[in-house]
Amino acid sequence: MAEKDEVKLLGIWASPFSRRIEMALKLKGVPYDYVEEILDQKSPLLLELNPIHKKVPVLVHNGKIIIESQIILEYIDEVWKHNPILPQDPYERSKARFLAKLVDEQVLITGFVMLAKADEKGREAVVEQTRELIMHLEKELVGKDFFGGKSVGFLDIVAGSMIPFCVARGWEGMGVEVVTEEKFPEFSRWVKNLEKVEFVKDCIPPREKHVEHMNFMGGRARSG
């Protein structure tokens, strides 16, 4: 099947949503063509493929268009069955989906958007709210190398692309320390484990350039 497949990914280098799709494709060993989009210049191709949201990532598989990163991840897992991404157990699968939603909706909004908008006085309260959210992930990691157990899975890809390799770069730019090894030993250990995984390393944006980008995005959040 792989030899006949035509796979194209439209993404942005700094986007955790498109970086996670690259992680999944690399995990599966699926060859793909990558098209880099520009943040504020939506290409005619992007507008044609995703006219509703006009956002990356967009996956095109043999002419079929799939949008929204978590949906794309599930599609990849169902089409290419080897190296499963989602847990095989129904309960574990539902839990992974729930926590992935928490990461993309609550951690991103509270831990970056709200934090960027907060003044110095209100910042500590938002930091505490963010820590409470991440504590749910901390508890889930006890006794595990990854959320997926011994190997990287769905929640590792979603949370990894979003928190340590994106939102944390925003914290760095703001001069805020949210996650410490003392408060979050399991989470900190998990990040170190992720950084050793080859296909994950390949998809982590360069730190300095990314911190600069997240500073820019924080400015947009404040003025929005």
# chains A, B, ... in the order shown; residues from 1 in each chain; ligands from 1
call {"tool": "select_by_dssp", "arguments": {"residues": "segment 7-193 of chain A", "states": "alpha helix (DSSP H)", "output": "PyMOL selection string"}}
result
chain A and resi 16-28+44-49+69-79+90-101+108+115-117+120-140+154-162+168-174+185-193
call {"tool": "residues_around", "arguments": {"residues": "Ala221 of chain A", "least_positions_apart": "3", "cutoff": "7 Å", "atoms": "only C-alpha atoms", "output": "MDAnalysis selection string"}}
result
chainID A and resid 113 116:117 217:218 224
call {"tool": "residues_around", "arguments": {"residues": "Phe98 of chain A", "least_positions_apart": "5", "cutoff": "12 Å", "atoms": "only C-alpha atoms", "output": "ChimeraX atom specification"}}
result
/A:70,91-93,103-106,136-137,154-155,158-159
call {"tool": "residues_around", "arguments": {"residues": "segment 2-11 of chain A", "least_positions_apart": "3", "cutoff": "10 Å", "atoms": "only C-alpha atoms", "output": "ChimeraX atom specification"}}
result
/A:14-19,21-22,25,29-39,45-46,49,55-66,80
call {"tool": "write_last_selection", "arguments": {"atoms": "C-alpha atoms", "output": "short mmCIF file (atom, residue, chain, number, x, y, z; two decimals), in the first residue's frame"}}
result
data_model
loop_
_atom_site.label_atom_id
_atom_site.label_comp_id
_atom_site.auth_asym_id
_atom_site.auth_seq_id
_atom_site.Cartn_x
_atom_site.Cartn_y
_atom_site.Cartn_z
CA ALA A 14 6.36 26.37 14.80
CA SER A 15 2.90 24.80 15.03
CA PRO A 16 2.53 21.97 17.56
CA PHE A 17 -0.53 20.86 15.60
CA SER A 18 1.42 20.20 12.40
CA ARG A 19 4.59 19.00 14.16
CA ILE A 21 1.39 14.96 12.47
CA GLU A 22 5.01 14.74 11.34
CA LEU A 25 4.03 9.87 10.07
CA GLY A 29 7.46 5.23 8.58
CA VAL A 30 5.09 6.83 6.05
CA PRO A 31 6.87 8.90 3.36
CA TYR A 32 5.26 12.31 2.84
CA ASP A 33 5.76 15.61 1.05
CA TYR A 34 5.82 18.61 3.35
CA VAL A 35 4.53 22.05 2.32
CA GLU A 36 5.54 24.92 4.63
CA GLU A 37 2.85 27.56 5.02
CA ILE A 38 3.44 31.13 6.24
CA LEU A 39 1.55 32.21 9.37
CA LEU A 45 -3.62 25.70 -1.80
CA LEU A 46 -4.43 25.96 1.92
CA LEU A 49 -8.01 22.39 0.88
CA LYS A 55 -5.56 26.56 9.15
CA VAL A 56 -2.83 23.95 9.25
CA PRO A 57 -2.36 21.08 9.50
CA VAL A 58 -3.95 19.62 6.41
CA LEU A 59 -3.19 16.05 5.39
CA VAL A 60 -3.86 14.96 1.83
CA HIS A 61 -3.83 11.19 1.34
CA ASN A 62 -4.40 9.95 -2.20
CA GLY A 63 -6.52 13.03 -2.88
CA LYS A 64 -8.53 12.75 0.35
CA ILE A 65 -8.37 15.80 2.63
CA ILE A 66 -8.20 15.37 6.41
CA TRP A 80 -1.44 2.43 8.71
#
call {"tool": "closest_residue", "arguments": {"among": "A:Val178, A:Pro84, A:Arg20, A:Pro44", "to": "Ile72 of chain A", "atoms": "only C-alpha atoms"}}
result
A:Arg20
call {"tool": "closest_residue", "arguments": {"among": "A:Arg131, A:Lys150, A:Arg123, A:Lys183", "to": "Ile163 of chain A", "atoms": "only C-alpha atoms"}}
result
A:Arg131
call {"tool": "residues_around", "arguments": {"residues": "Ala168 of chain A", "least_positions_apart": "2", "cutoff": "10 Å", "atoms": "only C-alpha atoms", "output": "list in words"}}
result
Gly111, Phe112, Met162, Ile163, Pro164, Phe165, Cys166, Gly170, Trp171, Glu172, Gly173, Met174, Val176, Glu177, Val178, Val179, Val211 and Met214 of chain A
call {"tool": "write_last_selection", "arguments": {"atoms": "N, CA and C atoms", "output": "PDB file, in the first residue's frame"}}
result
ATOM      1  N   GLY A 111      -2.595  28.101  29.911  1.00  0.00           N
ATOM      2  CA  GLY A 111      -1.142  28.157  30.102  1.00  0.00           C
ATOM      3  C   GLY A 111      -0.414  29.048  29.136  1.00  0.00           C
ATOM      4  N   PHE A 112      -1.069  29.478  28.069  1.00  0.00           N
ATOM      5  CA  PHE A 112      -0.390  30.403  27.169  1.00  0.00           C
ATOM      6  C   PHE A 112      -1.202  31.664  26.905  1.00  0.00           C
ATOM      7  N   MET A 162       2.721  19.942  22.276  1.00  0.00           N
ATOM      8  CA  MET A 162       2.092  21.163  22.785  1.00  0.00           C
ATOM      9  C   MET A 162       2.821  21.773  23.989  1.00  0.00           C
ATOM     10  N   ILE A 163       3.142  20.961  25.001  1.00  0.00           N
ATOM     11  CA  ILE A 163       3.611  21.576  26.255  1.00  0.00           C
ATOM     12  C   ILE A 163       5.130  21.804  26.272  1.00  0.00           C
ATOM     13  N   PRO A 164       5.956  20.746  26.355  1.00  0.00           N
ATOM     14  CA  PRO A 164       7.397  21.034  26.484  1.00  0.00           C
ATOM     15  C   PRO A 164       8.017  21.656  25.242  1.00  0.00           C
ATOM     16  N   PHE A 165       7.491  21.328  24.061  1.00  0.00           N
ATOM     17  CA  PHE A 165       8.121  21.788  22.826  1.00  0.00           C
ATOM     18  C   PHE A 165       7.356  22.921  22.151  1.00  0.00           C
ATOM     19  N   CYS A 166       6.459  23.576  22.908  1.00  0.00           N
ATOM     20  CA  CYS A 166       5.770  24.752  22.362  1.00  0.00           C
ATOM     21  C   CYS A 166       5.422  25.739  23.483  1.00  0.00           C
ATOM     22  N   GLY A 170       7.013  29.528  25.264  1.00  0.00           N
ATOM     23  CA  GLY A 170       6.320  30.768  25.596  1.00  0.00           C
ATOM     24  C   GLY A 170       6.620  31.194  27.022  1.00  0.00           C
ATOM     25  N   TRP A 171       6.618  30.230  27.949  1.00  0.00           N
ATOM     26  CA  TRP A 171       6.954  30.542  29.344  1.00  0.00           C
ATOM     27  C   TRP A 171       8.372  31.087  29.442  1.00  0.00           C
ATOM     28  N   GLU A 172       9.262  30.460  28.673  1.00  0.00           N
ATOM     29  CA  GLU A 172      10.661  30.894  28.683  1.00  0.00           C
ATOM     30  C   GLU A 172      10.759  32.360  28.260  1.00  0.00           C
ATOM     31  N   GLY A 173      10.024  32.712  27.209  1.00  0.00           N
ATOM     32  CA  GLY A 173      10.042  34.084  26.725  1.00  0.00           C
ATOM     33  C   GLY A 173       9.436  35.066  27.727  1.00  0.00           C
ATOM     34  N   MET A 174       8.450  34.587  28.504  1.00  0.00           N
ATOM     35  CA  MET A 174       7.804  35.456  29.506  1.00  0.00           C
ATOM     36  C   MET A 174       8.602  35.520  30.808  1.00  0.00           C
ATOM     37  N   VAL A 176       8.698  33.026  32.979  1.00  0.00           N
ATOM     38  CA  VAL A 176       7.843  32.369  33.976  1.00  0.00           C
ATOM     39  C   VAL A 176       8.235  30.892  34.081  1.00  0.00           C
ATOM     40  N   GLU A 177       8.360  30.405  35.305  1.00  0.00           N
ATOM     41  CA  GLU A 177       8.666  28.994  35.521  1.00  0.00           C
ATOM     42  C   GLU A 177       7.386  28.298  35.994  1.00  0.00           C
ATOM     43  N   VAL A 178       6.823  27.468  35.145  1.00  0.00           N
ATOM     44  CA  VAL A 178       5.562  26.793  35.468  1.00  0.00           C
ATOM     45  C   VAL A 178       5.824  25.369  35.928  1.00  0.00           C
ATOM     46  N   VAL A 179       6.601  24.632  35.150  1.00  0.00           N
ATOM     47  CA  VAL A 179       6.890  23.231  35.465  1.00  0.00           C
ATOM     48  C   VAL A 179       8.325  23.112  35.970  1.00  0.00           C
ATOM     49  N   VAL A 211      11.350  30.313  20.682  1.00  0.00           N
ATOM     50  CA  VAL A 211      11.070  31.241  21.780  1.00  0.00           C
ATOM     51  C   VAL A 211      10.705  32.613  21.213  1.00  0.00           C
ATOM     52  N   MET A 214       7.216  32.401  19.838  1.00  0.00           N
ATOM     53  CA  MET A 214       6.205  32.372  20.898  1.00  0.00           C
ATOM     54  C   MET A 214       6.060  33.742  21.569  1.00  0.00           C
TER      55      MET A 214
END
call {"tool": "select_by_dssp", "arguments": {"residues": "segment 2-220 of chain A", "states": "strand (DSSP E or B)", "output": "ChimeraX atom specification"}}
result
/A:7-11,33-36,38,41,58-61,64-67,146,149
call {"tool": "closest_residue", "arguments": {"among": "A:Asp89, A:Ile76, A:Trp13, A:Phe184", "to": "Glu140 of chain A", "atoms": "only C-alpha atoms"}}
result
A:Phe184
call {"tool": "closest_residue", "arguments": {"among": "A:Met114, A:Ser188, A:Ser161, A:Leu47", "to": "Ser223 of chain A", "atoms": "only C-alpha atoms"}}
result
A:Met114
call {"tool": "atom_distance", "arguments": {"atom1": "atom CA of Asp202 of chain A", "atom2": "atom CA of Ser151 of chain A"}}
result
16.6 Å
